[in-house]
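> Next up, start.tsv (TSV, C-alpha atoms).
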```tsv
chain	number	residue	atom	x	y	z
A	1	MET	CA	0.00	0.00	0.00
A	2	ASP	CA	1.51	3.34	-1.00
A	3	GLU	CA	1.92	6.21	1.44
A	4	ALA	CA	-0.74	8.43	-0.18
A	5	LEU	CA	-3.39	5.74	0.28
A	6	ARG	CA	-2.22	4.95	3.80
A	7	ARG	CA	-2.68	8.60	4.74
A	8	ILE	CA	-6.29	8.64	3.49
A	9	LEU	CA	-7.50	5.44	5.18
A	10	ILE	CA	-9.09	6.03	8.57
A	11	PRO	CA	-7.98	3.51	11.23
A	12	GLU	CA	-10.75	1.11	12.18
A	13	GLU	CA	-10.42	1.93	15.87
A	14	GLU	CA	-10.94	5.62	15.05
A	15	LEU	CA	-13.96	4.94	12.82
A	16	ALA	CA	-15.46	2.71	15.54
A	17	HIS	CA	-16.08	5.79	17.71
A	18	PHE	CA	-18.42	7.23	15.04
A	19	ARG	CA	-20.30	4.26	13.58
A	20	ALA	CA	-23.31	2.50	15.11
A	21	GLY	CA	-22.63	-0.93	13.58
A	22	ASP	CA	-20.66	-2.94	11.06
A	23	SER	CA	-22.83	-2.69	7.94
A	24	LEU	CA	-21.53	-0.66	5.01
A	25	ALA	CA	-24.29	1.92	5.51
A	26	GLN	CA	-23.37	2.31	9.19
A	27	ARG	CA	-19.69	2.59	8.35
A	28	ALA	CA	-20.48	5.25	5.73
A	29	SER	CA	-22.60	7.28	8.14
A	30	GLY	CA	-19.85	6.96	10.76
A	31	LEU	CA	-17.28	8.22	8.26
A	32	LEU	CA	-19.45	11.26	7.53
A	33	ARG	CA	-19.83	12.03	11.24
A	34	HIS	CA	-16.04	11.79	11.62
A	35	GLN	CA	-15.41	14.09	8.67
A	36	ILE	CA	-17.96	16.67	9.85
A	37	GLN	CA	-16.06	16.83	13.11
A	38	THR	CA	-12.56	16.94	11.60
A	39	TRP	CA	-12.83	18.63	8.17
A	40	GLU	CA	-13.84	22.28	8.19
A	41	LEU	CA	-14.73	22.54	4.48
A	42	LEU	CA	-17.05	19.55	4.63
A	43	ARG	CA	-18.56	20.72	7.94
A	44	ASP	CA	-19.34	24.15	6.48
A	45	ASN	CA	-20.81	22.71	3.30
A	46	TYR	CA	-23.08	20.33	5.22
A	47	ALA	CA	-24.19	23.23	7.41
A	48	SER	CA	-25.12	25.09	4.22
A	49	LEU	CA	-27.53	22.27	3.27
A	50	GLU	CA	-29.73	23.38	6.15
A	51	ILE	CA	-30.42	26.69	4.41
A	52	VAL	CA	-30.72	25.40	0.83
A	53	GLU	CA	-33.86	26.82	-0.78
A	54	THR	CA	-36.16	24.51	-2.76
A	55	LYS	CA	-39.00	25.10	-5.20
A	56	VAL	CA	-41.35	22.29	-6.18
A	57	PHE	CA	-42.96	22.14	-9.62
A	58	ALA	CA	-45.93	19.78	-9.94
A	59	PHE	CA	-46.59	17.88	-13.16
A	60	ASP	CA	-49.18	15.20	-13.94
A	61	GLY	CA	-48.57	12.69	-11.15
A	62	PHE	CA	-44.97	13.67	-10.37
A	63	VAL	CA	-42.84	16.59	-9.21
A	64	ILE	CA	-39.50	18.23	-9.95
A	65	HIS	CA	-37.53	19.93	-7.16
A	66	VAL	CA	-35.23	22.85	-7.95
A	67	GLN	CA	-32.62	23.75	-5.34
A	68	PHE	CA	-30.49	26.82	-4.85
A	69	ASN	CA	-27.20	25.27	-3.66
A	70	PRO	CA	-24.29	27.69	-4.21
A	71	LYS	CA	-21.72	25.17	-2.95
A	72	ARG	CA	-22.26	23.12	-6.13
A	73	ILE	CA	-20.81	25.81	-8.38
A	74	THR	CA	-17.56	23.88	-8.92
A	75	SER	CA	-19.30	20.74	-10.19
A	76	SER	CA	-21.99	22.53	-12.21
A	77	ALA	CA	-19.45	24.69	-14.02
A	78	ALA	CA	-16.73	22.04	-14.32
A	79	ARG	CA	-14.79	22.00	-17.60
A	80	VAL	CA	-14.90	18.41	-18.83
A	81	ASP	CA	-13.48	18.80	-22.32
A	82	ASP	CA	-10.38	16.74	-23.10
A	83	ALA	CA	-7.99	19.71	-23.04
A	84	SER	CA	-9.19	20.89	-19.63
A	85	ILE	CA	-8.98	17.37	-18.20
A	86	ARG	CA	-5.38	17.03	-19.39
A	87	GLN	CA	-4.39	20.35	-17.82
A	88	ARG	CA	-5.64	19.70	-14.27
A	89	LYS	CA	-4.68	17.22	-11.59
A	90	CYS	CA	-7.25	14.48	-11.03
A	91	PHE	CA	-9.09	15.38	-7.84
A	92	LEU	CA	-10.14	11.75	-7.23
A	93	CYS	CA	-6.62	10.31	-7.23
A	94	VAL	CA	-5.48	9.62	-3.66
A	95	ALA	CA	-2.34	11.71	-4.07
A	96	ASN	CA	-4.47	14.78	-4.80
A	97	LEU	CA	-7.20	14.41	-2.15
A	98	PRO	CA	-7.49	17.22	0.44
A	99	ALA	CA	-5.28	16.90	3.50
A	100	ASP	CA	-8.27	16.46	5.84
A	101	GLN	CA	-10.09	13.89	3.74
A	102	ARG	CA	-10.35	10.34	5.10
A	103	GLY	CA	-12.03	7.19	3.84
A	104	PHE	CA	-12.01	3.41	3.93
A	105	LEU	CA	-11.50	0.70	1.35
A	106	TYR	CA	-14.51	-0.86	-0.34
A	107	ARG	CA	-14.00	-4.31	-1.92
A	108	ASN	CA	-10.28	-3.49	-1.96
A	109	ASP	CA	-10.43	-1.68	-5.33
A	110	TYR	CA	-12.45	1.39	-4.27
A	111	ILE	CA	-12.25	4.07	-1.58
A	112	PHE	CA	-15.36	5.23	0.26
A	113	LEU	CA	-15.19	9.03	0.69
A	114	SER	CA	-17.53	11.74	1.97
A	115	ASN	CA	-18.46	14.12	-0.84
A	116	PRO	CA	-17.36	17.60	0.32
A	117	PHE	CA	-19.92	19.33	-1.93
A	118	PRO	CA	-23.12	17.49	-0.94
A	119	ILE	CA	-26.57	17.49	-2.46
A	120	PHE	CA	-27.95	14.47	-0.59
A	121	PRO	CA	-28.33	14.70	3.23
A	122	GLU	CA	-25.60	12.03	3.25
A	123	HIS	CA	-23.49	12.09	0.10
A	124	PHE	CA	-20.47	9.94	-0.78
A	125	THR	CA	-18.09	9.41	-3.69
A	126	ILE	CA	-16.50	6.00	-4.28
A	127	PRO	CA	-13.54	6.30	-6.68
A	128	ASN	CA	-11.41	3.45	-7.94
A	129	ARG	CA	-7.98	3.25	-6.33
A	130	GLU	CA	-6.47	3.34	-9.81
A	131	HIS	CA	-6.71	6.24	-12.25
A	132	ARG	CA	-8.77	4.81	-15.10
A	133	PRO	CA	-11.50	6.30	-17.34
A	134	GLN	CA	-15.09	6.53	-16.15
A	135	ARG	CA	-16.81	3.50	-17.71
A	136	ILE	CA	-19.73	1.38	-16.54
A	137	ALA	CA	-19.15	-1.62	-18.84
A	138	GLY	CA	-17.08	-4.04	-16.80
A	139	SER	CA	-18.01	-2.41	-13.49
A	140	PHE	CA	-21.81	-2.74	-13.52
A	141	VAL	CA	-21.67	-5.81	-11.25
A	142	THR	CA	-19.64	-3.82	-8.71
A	143	PHE	CA	-22.27	-1.08	-8.96
A	144	LEU	CA	-24.98	-3.65	-8.14
A	145	GLN	CA	-22.93	-5.03	-5.26
A	146	LEU	CA	-22.57	-1.52	-3.89
A	147	ALA	CA	-26.34	-0.99	-4.00
A	148	ARG	CA	-26.92	-4.33	-2.24
A	149	ASP	CA	-24.28	-3.69	0.40
A	150	LEU	CA	-26.01	-0.39	1.23
A	151	ALA	CA	-29.56	-1.83	1.30
A	152	GLY	CA	-32.05	-0.04	3.49
A	153	HIS	CA	-30.64	3.47	3.60
A	154	PHE	CA	-28.70	4.48	0.48
A	155	ALA	CA	-28.90	4.29	-3.31
A	156	ALA	CA	-25.98	4.10	-5.73
A	157	VAL	CA	-25.75	6.47	-8.70
A	158	TYR	CA	-23.54	6.61	-11.78
A	159	ASN	CA	-22.83	9.53	-14.10
A	160	GLY	CA	-21.42	8.69	-17.50
A	161	PRO	CA	-18.27	10.51	-18.69
A	162	ARG	CA	-20.34	12.63	-21.07
A	163	ALA	CA	-23.46	12.76	-18.91
A	164	GLY	CA	-22.58	14.72	-15.79
A	165	ALA	CA	-19.42	13.16	-14.36
A	166	SER	CA	-17.17	16.00	-13.21
A	167	ALA	CA	-14.24	13.54	-13.28
A	168	PRO	CA	-14.72	11.68	-16.59
A	169	ASP	CA	-11.10	10.54	-16.43
A	170	HIS	CA	-11.43	8.64	-13.11
A	171	GLN	CA	-13.86	5.74	-12.60
A	172	HIS	CA	-16.17	6.31	-9.65
A	173	PHE	CA	-19.68	5.93	-8.25
A	174	GLN	CA	-21.73	8.11	-5.95
A	175	VAL	CA	-23.98	7.16	-3.05
A	176	GLY	CA	-26.80	9.17	-1.50
A	177	THR	CA	-29.76	9.00	0.84
A	178	ARG	CA	-32.66	6.92	-0.51
A	179	GLN	CA	-35.94	8.69	-1.22
A	180	PHE	CA	-34.27	12.09	-1.46
A	181	MET	CA	-34.90	12.14	-5.21
A	182	PRO	CA	-38.55	12.28	-6.30
A	183	VAL	CA	-38.02	9.35	-8.70
A	184	ASP	CA	-37.57	7.06	-5.66
A	185	ASN	CA	-40.96	7.98	-4.24
A	186	GLU	CA	-42.61	7.93	-7.67
A	187	TYR	CA	-41.18	4.54	-8.59
A	188	ASN	CA	-44.42	2.55	-8.32
A	189	PHE	CA	-46.31	5.29	-10.19
A	190	LEU	CA	-43.76	5.02	-13.01
A	191	LYS	CA	-44.28	1.29	-13.39
A	192	GLU	CA	-48.03	1.11	-12.83
A	193	SER	CA	-49.23	4.30	-14.55
A	194	LEU	CA	-46.55	5.21	-17.08
A	195	GLY	CA	-44.61	2.00	-17.61
A	196	ASN	CA	-44.64	-0.22	-20.66
A	197	ARG	CA	-43.80	-3.80	-19.61
A	198	LEU	CA	-41.22	-5.14	-22.07
A	199	ILE	CA	-40.01	-8.31	-20.31
A	200	ASP	CA	-41.65	-10.22	-17.46
A	201	THR	CA	-40.12	-13.55	-16.42
A	202	GLU	CA	-39.28	-15.28	-13.16
A	203	THR	CA	-35.79	-13.78	-13.23
A	204	LEU	CA	-36.19	-10.39	-14.91
A	205	ARG	CA	-38.67	-7.55	-15.40
A	206	VAL	CA	-37.98	-4.67	-17.78
A	207	PHE	CA	-40.12	-1.56	-18.23
A	208	SER	CA	-39.86	1.52	-20.41
A	209	VAL	CA	-41.24	4.92	-19.38
A	210	GLU	CA	-41.76	7.90	-21.66
A	211	ASN	CA	-44.24	10.49	-20.34
A	212	TYR	CA	-42.12	11.65	-17.40
A	213	LEU	CA	-40.27	14.59	-18.99
A	214	ARG	CA	-37.43	12.06	-19.15
A	215	ARG	CA	-37.37	8.71	-20.97
A	216	LEU	CA	-36.02	5.81	-18.94
A	217	PHE	CA	-35.81	2.06	-18.54
A	218	ILE	CA	-36.38	0.08	-15.35
A	219	LEU	CA	-34.74	-3.27	-14.59
A	220	GLU	CA	-35.84	-5.47	-11.68
A	221	SER	CA	-34.39	-8.78	-10.58
A	222	SER	CA	-32.99	-10.78	-7.67
A	223	ASP	CA	-30.50	-12.35	-10.10
A	224	MET	CA	-27.31	-10.33	-10.54
A	225	GLU	CA	-26.27	-12.20	-13.69
A	226	ALA	CA	-29.67	-11.61	-15.30
A	227	LEU	CA	-29.40	-7.90	-14.52
A	228	ASP	CA	-25.88	-7.72	-15.90
A	229	ARG	CA	-26.99	-9.41	-19.14
A	230	ALA	CA	-29.97	-7.07	-19.44
A	231	PHE	CA	-27.84	-4.02	-18.79
A	232	MET	CA	-25.26	-5.03	-21.38
A	233	GLN	CA	-28.05	-5.59	-23.89
A	234	PHE	CA	-29.18	-2.00	-23.20
A	235	HIS	CA	-25.61	-0.72	-23.30
A	236	ASN	CA	-24.80	-2.39	-26.61
A	237	ALA	CA	-28.08	-1.36	-28.24
A	238	PHE	CA	-27.48	2.23	-27.13
A	239	ALA	CA	-23.86	2.11	-28.31
A	240	GLU	CA	-25.01	1.23	-31.84
A	241	ILE	CA	-26.83	4.58	-32.12
A	242	SER	CA	-24.16	6.59	-30.26
A	243	PRO	CA	-20.88	8.11	-31.52
A	244	ALA	CA	-18.21	5.46	-32.04
A	245	GLY	CA	-15.56	5.15	-29.37
A	246	GLU	CA	-17.57	6.79	-26.59
A	247	GLU	CA	-19.62	5.30	-23.78
A	248	PRO	CA	-23.33	5.87	-24.51
A	249	MET	CA	-24.51	8.89	-22.52
A	250	MET	CA	-26.38	7.68	-19.46
A	251	ASN	CA	-27.14	8.14	-15.78
A	252	ILE	CA	-28.06	5.23	-13.52
A	253	GLU	CA	-29.60	4.79	-10.09
A	254	ALA	CA	-29.82	1.45	-8.26
A	255	TRP	CA	-30.98	0.28	-4.87
A	256	PHE	CA	-31.75	-3.05	-3.21
A	257	GLU	CA	-34.92	-3.87	-1.30
A	258	ASN	CA	-37.00	-6.95	-0.50
A	259	GLY	CA	-34.29	-9.18	-1.96
A	260	GLU	CA	-34.26	-7.47	-5.37
A	261	TRP	CA	-32.44	-4.76	-7.25
A	262	ARG	CA	-34.24	-1.78	-8.72
A	263	VAL	CA	-32.24	-0.16	-11.52
A	264	ILE	CA	-33.24	3.01	-13.40
A	265	LEU	CA	-31.44	3.80	-16.66
A	266	PHE	CA	-31.63	7.34	-18.04
A	267	PRO	CA	-30.35	7.39	-21.65
A	268	ARG	CA	-29.15	10.86	-22.60
A	269	ALA	CA	-28.90	12.90	-25.79
A	270	LYS	CA	-26.85	15.83	-24.47
A	271	HIS	CA	-24.67	16.65	-21.50
A	272	ARG	CA	-25.83	20.22	-21.06
A	273	PRO	CA	-28.92	22.07	-22.35
A	274	SER	CA	-28.73	25.12	-24.59
A	275	VAL	CA	-29.45	27.50	-21.68
A	276	PHE	CA	-26.07	26.52	-20.19
A	277	TYR	CA	-24.31	28.06	-23.20
A	278	ALA	CA	-26.75	30.91	-23.83
A	279	GLU	CA	-25.87	34.53	-23.19
A	280	GLY	CA	-27.80	37.25	-21.41
A	281	ASP	CA	-31.09	36.60	-19.66
A	282	ARG	CA	-31.49	33.18	-21.25
A	283	HIS	CA	-28.33	31.79	-19.62
A	284	MET	CA	-28.75	29.28	-16.75
A	285	LEU	CA	-25.93	27.42	-15.03
A	286	LEU	CA	-27.68	24.05	-14.89
A	287	SER	CA	-25.78	20.89	-15.84
A	288	PRO	CA	-27.97	17.78	-15.40
A	289	ALA	CA	-26.46	14.62	-13.95
A	290	ALA	CA	-28.04	11.60	-12.21
A	291	ILE	CA	-29.57	13.57	-9.32
A	292	ASP	CA	-31.15	16.07	-11.71
A	293	MET	CA	-32.51	13.21	-13.83
A	294	GLY	CA	-33.92	11.80	-10.60
A	295	GLY	CA	-35.92	14.98	-10.09
A	296	VAL	CA	-33.67	17.32	-8.06
A	297	CYS	CA	-32.26	20.07	-10.26
A	298	THR	CA	-29.42	22.02	-8.67
A	299	THR	CA	-28.86	25.68	-9.47
A	300	PRO	CA	-25.73	27.17	-7.87
A	301	LEU	CA	-26.64	30.72	-8.92
A	302	GLU	CA	-29.48	32.52	-7.15
A	303	LYS	CA	-30.55	34.38	-10.29
A	304	ASP	CA	-31.27	31.06	-12.00
A	305	PHE	CA	-33.17	29.71	-9.01
A	306	ARG	CA	-35.39	32.80	-8.91
A	307	LYS	CA	-36.24	32.86	-12.61
A	308	ILE	CA	-36.51	29.16	-13.55
A	309	THR	CA	-40.02	28.14	-14.63
A	310	LYS	CA	-41.95	24.99	-15.34
A	311	ASP	CA	-41.54	25.66	-19.07
A	312	ASN	CA	-37.77	25.90	-18.61
A	313	LEU	CA	-37.75	22.45	-16.99
A	314	VAL	CA	-39.80	20.95	-19.83
A	315	GLU	CA	-37.36	22.41	-22.35
A	316	ILE	CA	-34.22	21.35	-20.45
A	317	TYR	CA	-35.32	17.75	-19.95
A	318	ALA	CA	-36.51	17.50	-23.56
A	319	GLU	CA	-33.04	18.54	-24.74
A	320	VAL	CA	-30.94	16.24	-22.57
A	321	THR	CA	-33.04	13.06	-22.62
A	322	LEU	CA	-32.85	10.62	-25.53
A	323	PRO	CA	-35.38	11.46	-28.29
A	324	ALA	CA	-38.35	9.20	-28.98
A	325	ASP	CA	-36.92	7.55	-32.08
A	326	GLY	CA	-33.66	6.53	-30.41
A	327	PHE	CA	-35.55	5.36	-27.34
A	328	ALA	CA	-37.87	3.21	-29.48
A	329	ASN	CA	-34.83	1.75	-31.24
A	330	ILE	CA	-33.32	0.61	-27.93
A	331	GLU	CA	-36.73	-0.62	-26.76
A	332	SER	CA	-37.12	-2.93	-29.75
A	333	ARG	CA	-33.54	-4.20	-29.47
A	334	LEU	CA	-34.07	-4.97	-25.79
A	335	VAL	CA	-37.21	-6.98	-26.46
A	336	LYS	CA	-35.60	-8.88	-29.32
A	337	GLY	CA	-32.21	-9.44	-27.66
A	338	LEU	CA	-33.45	-10.34	-24.20
A	339	GLY	CA	-36.25	-12.46	-25.60
A	340	GLU	CA	-33.74	-14.52	-27.57
A	341	LYS	CA	-31.46	-14.96	-24.55
A	342	LEU	CA	-34.35	-15.93	-22.26
A	343	ASN	CA	-35.66	-18.51	-24.73
A	344	ARG	CA	-32.36	-20.33	-25.14
```
Is it possible to express this structure as structure tokens?

Amino acid sequence: MDEALRRILIPEEELAHFRAGDSLAQRASGLLRHQIQTWELLRDNYASLEIVETKVFAFDGFVIHVQFNPKRITSSAARVDDASIRQRKCFLCVANLPADQRGFLYRNDYIFLSNPFPIFPEHFTIPNREHRPQRIAGSFVTFLQLARDLAGHFAAVYNGPRAGASAPDHQHFQVGTRQFMPVDNEYNFLKESLGNRLIDTETLRVFSVENYLRRLFILESSDMEALDRAFMQFHNAFAEISPAGEEPMMNIEAWFENGEWRVILFPRAKHRPSVFYAEGDRHMLLSPAAIDMGGVCTTPLEKDFRKITKDNLVEIYAEVTLPADGFANIESRLVKGLGEKLNR
């Protein structure tokens, strides 16, 4: 173990003073309590969550929350073009982590860290120990394991390298409080009122949802291998209609309850909406990632929070979500591909 990693890892006897038990969720909450006590930046940013302003916009059967959270300015405005990435140090590499940051190993290959710029009431980032590109193919099973290991309190989220990840050059996941995002509470409504059932077997259920401002797919199963196969079918179908050489643009949320995984896939068309690049009164610093797709839009500038409207939200989501024709293409490929695999 190198010295940089050794410095970051919190001794178990120290963490024991802050955690209430041995589960991953309890260890994570204990880590956050430790960091709030010992890291001034994180403590101040969590204190700022208590005064975050929120507006709620009601649609037909669901809601969108818009928050004014000025501490998120760094992530919302992050330069993620190749040239900018090459010119800065990777802030998820252990050698570059803040002096006061501490964490613990997860499955040996990842480091569990408190996110110093939180949106969730409890917000964590889980980077790979190694500096490698943000990719979900090949790490989806680990993502599912993370969701299962956190069952009962947290959900796992993933931002693709071109779909909201502020560190597209370093593979990582995020973890946040369950039922903070409206999509969690609206989950049954999505399936029962808006969902189109594509696959329904003893091992796998797949739904598509369109009339939710966003288009999305839902995967449900107690079988990790079945979920991995279904996800890769989605990934490969999406890749065929995406630019060559890039990961298809997507955000993912997953959690584990009642012995099953719930996975929500948000296929994307754009990273940022046109208002992000607009000038004058039309400009809004809003850069949707997984939490925004889950129904909590973060605006770090007060002017944007004050002026944003329901029509703005309709326009923004319409721009960044995958259009109907591409969505239908993936839908048909999923039905055909998964149907063939299930019938073998």
> Please give the centre and size of the box around region 120-137 of chain A (axis-aligned, containing every atom listed in the file, 6 Å added per side), with values in Å to one decimal and written as AutoDock Vina command-line options.

```
--center_x -17.4 --center_y 6.5 --center_z -7.8 --size_x 33.9 --size_y 28.3 --size_z 34.1
```
> What separation in Å, quoted to one decimal, exists between CA of Met293 (chain A) and CA of Arg135 (chain A)?
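Atom-to-atom, CA of Met293 (chain A) and CA of Arg135 (chain A) are spaced 18.9 Å apart.
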> Quick one: pull the distance between CA of Leu92 (chain A) and CA of Asp109 (chain A), Å, one decimal.
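Atom-to-atom, CA of Leu92 (chain A) and CA of Asp109 (chain A) are spaced 13.6 Å apart.
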> Could you tell me how far CA of Pro243 (chain A) lies from CA of Val335 (chain A), in Å and to one decimal?
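Result for CA of Pro243 (chain A) versus CA of Val335 (chain A): 22.8 Å, one decimal.
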> A:Ala47, A:Ala16, A:Leu31, A:Ala163: which is nearest Glu246 (chain A), counting all atoms listed in the file?
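Distance minimum relative to Glu246 (chain A) lands on A:Ala163.
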> Which residue gives the smallest distance to Arg229 (chain A) among A:Ile73, A:Arg148, A:Gly326, A:Thr203, with all atoms listed in the file counted?
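Nearest to Arg229 (chain A): A:Thr203.
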> Within 8 Å of (-36.1, 17.5, -11.9), in the coordinates the file gives, what residues turn up when you count all atoms listed in the file, written out as an mmCIF file with C-alpha atoms, in the coordinates of the input?

```cif
data_model
loop_
_atom_site.group_PDB
_atom_site.id
_atom_site.type_symbol
_atom_site.label_atom_id
_atom_site.label_comp_id
_atom_site.auth_asym_id
_atom_site.auth_seq_id
_atom_site.Cartn_x
_atom_site.Cartn_y
_atom_site.Cartn_z
ATOM 1 C CA VAL A 63 -42.840 16.590 -9.210
ATOM 2 C CA ILE A 64 -39.500 18.230 -9.950
ATOM 3 C CA HIS A 65 -37.530 19.930 -7.160
ATOM 4 C CA VAL A 66 -35.230 22.850 -7.950
ATOM 5 C CA ASP A 292 -31.150 16.070 -11.710
ATOM 6 C CA MET A 293 -32.510 13.210 -13.830
ATOM 7 C CA GLY A 294 -33.920 11.800 -10.600
ATOM 8 C CA GLY A 295 -35.920 14.980 -10.090
ATOM 9 C CA VAL A 296 -33.670 17.320 -8.060
ATOM 10 C CA CYS A 297 -32.260 20.070 -10.260
ATOM 11 C CA LEU A 313 -37.750 22.450 -16.990
#
```
> So which residues fall inside 10 Å of (-29.9, -5.4, -13.0) if we count all atoms listed in the file? Mind giving them as a PDB file with C-alpha atoms, keeping the file's coordinate frame?

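Contents of part-v2.pdb, freshly written:
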```pdb
ATOM      1  CA  PHE A 140     -21.810  -2.740 -13.520  1.00  0.00           C
ATOM      2  CA  VAL A 141     -21.670  -5.810 -11.250  1.00  0.00           C
ATOM      3  CA  PHE A 143     -22.270  -1.080  -8.960  1.00  0.00           C
ATOM      4  CA  LEU A 144     -24.980  -3.650  -8.140  1.00  0.00           C
ATOM      5  CA  LEU A 204     -36.190 -10.390 -14.910  1.00  0.00           C
ATOM      6  CA  ARG A 205     -38.670  -7.550 -15.400  1.00  0.00           C
ATOM      7  CA  VAL A 206     -37.980  -4.670 -17.780  1.00  0.00           C
ATOM      8  CA  ILE A 218     -36.380   0.080 -15.350  1.00  0.00           C
ATOM      9  CA  LEU A 219     -34.740  -3.270 -14.590  1.00  0.00           C
ATOM     10  CA  GLU A 220     -35.840  -5.470 -11.680  1.00  0.00           C
ATOM     11  CA  SER A 221     -34.390  -8.780 -10.580  1.00  0.00           C
ATOM     12  CA  SER A 222     -32.990 -10.780  -7.670  1.00  0.00           C
ATOM     13  CA  ASP A 223     -30.500 -12.350 -10.100  1.00  0.00           C
ATOM     14  CA  MET A 224     -27.310 -10.330 -10.540  1.00  0.00           C
ATOM     15  CA  GLU A 225     -26.270 -12.200 -13.690  1.00  0.00           C
ATOM     16  CA  ALA A 226     -29.670 -11.610 -15.300  1.00  0.00           C
ATOM     17  CA  LEU A 227     -29.400  -7.900 -14.520  1.00  0.00           C
ATOM     18  CA  ASP A 228     -25.880  -7.720 -15.900  1.00  0.00           C
ATOM     19  CA  ARG A 229     -26.990  -9.410 -19.140  1.00  0.00           C
ATOM     20  CA  ALA A 230     -29.970  -7.070 -19.440  1.00  0.00           C
ATOM     21  CA  PHE A 231     -27.840  -4.020 -18.790  1.00  0.00           C
ATOM     22  CA  MET A 232     -25.260  -5.030 -21.380  1.00  0.00           C
ATOM     23  CA  ALA A 254     -29.820   1.450  -8.260  1.00  0.00           C
ATOM     24  CA  TRP A 255     -30.980   0.280  -4.870  1.00  0.00           C
ATOM     25  CA  GLU A 260     -34.260  -7.470  -5.370  1.00  0.00           C
ATOM     26  CA  TRP A 261     -32.440  -4.760  -7.250  1.00  0.00           C
ATOM     27  CA  ARG A 262     -34.240  -1.780  -8.720  1.00  0.00           C
ATOM     28  CA  VAL A 263     -32.240  -0.160 -11.520  1.00  0.00           C
ATOM     29  CA  ILE A 264     -33.240   3.010 -13.400  1.00  0.00           C
TER      30      ILE A 264
END
```
> Go through A:His170, A:Arg132, A:Arg268, A:Arg7 and flag the residue nearest Leu216 (chain A), using all atoms listed in the file for the distances.
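When distances to Leu216 (chain A) are compared using all atoms listed in the file, the smallest one comes from A:Arg268.
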> Skipping near chain neighbours, those fewer than 3 positions away, what residues fall within 6 Å of Tyr158 (chain A) using all atoms listed in the file, listed as a PDB file with C-alpha atoms, in the coordinates of the input?

```pdb
ATOM      1  CA  PHE A 173     -19.680   5.930  -8.250  1.00  0.00           C
ATOM      2  CA  ASN A 251     -27.140   8.140 -15.780  1.00  0.00           C
ATOM      3  CA  ILE A 252     -28.060   5.230 -13.520  1.00  0.00           C
TER       4      ILE A 252
END
```
> Leaving out Pro127 (chain A) and any residue of its chain fewer than 5 positions from it, which residues lie within 6 Å of it when counting only C-alpha atoms, given as a list in words?
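Once the adjacent positions are removed, what remains is Tyr110, Ile111, Gln171 and His172 of chain A.
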> Which neighbours of Val209 (chain A) fall inside 7 Å, counting all atoms listed in the file, when residues of the same chain fewer than 5 positions from it are skipped, and could you give them as JSON, numbers by chain?
{"A": [190, 194, 195, 196, 215, 216, 217]}
> Of the candidates A:Pro267, A:Gly61, A:Pro288, A:Pro98, which one gets nearest to Ala239 (chain A) if we count only C-alpha atoms?
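Answer, going by the shortest atom-to-atom distance: A:Pro267.
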> Fewer than 3 positions away in the same chain doesn't count, so skip those; otherwise give me all residues within 12 Å of Asp304 (chain A), counting only C-alpha atoms, as a PyMOL selection string.
chain A and resi 55+66-70+275-276+280-286+297-301+307-309+312-313
> Give me, as a list in words, all polymer residues having an atom no more than 10 Å from Asp81 (chain A), counting all atoms listed in the file and skipping those fewer than 5 positions away in the same chain.
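Listed by chain and then number, they are Arg86, Arg162 and Pro168 of chain A.
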> I need the residue nearest His123 (chain A) from this list: A:Val183, A:Ala155, A:Ala99, A:Val175. Use all atoms listed in the file for the distance.
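Under the stated criterion, the closest residue is A:Val175.
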> Out of A:Gly337, A:Asn96, A:Gln134, A:Gln233, which residue has the shortest atom-to-atom distance to Met249 (chain A) when counting all atoms listed in the file?
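Of A:Gly337, A:Asn96, A:Gln134, A:Gln233, the one nearest Met249 (chain A) is A:Gln134, counting all atoms listed in the file.
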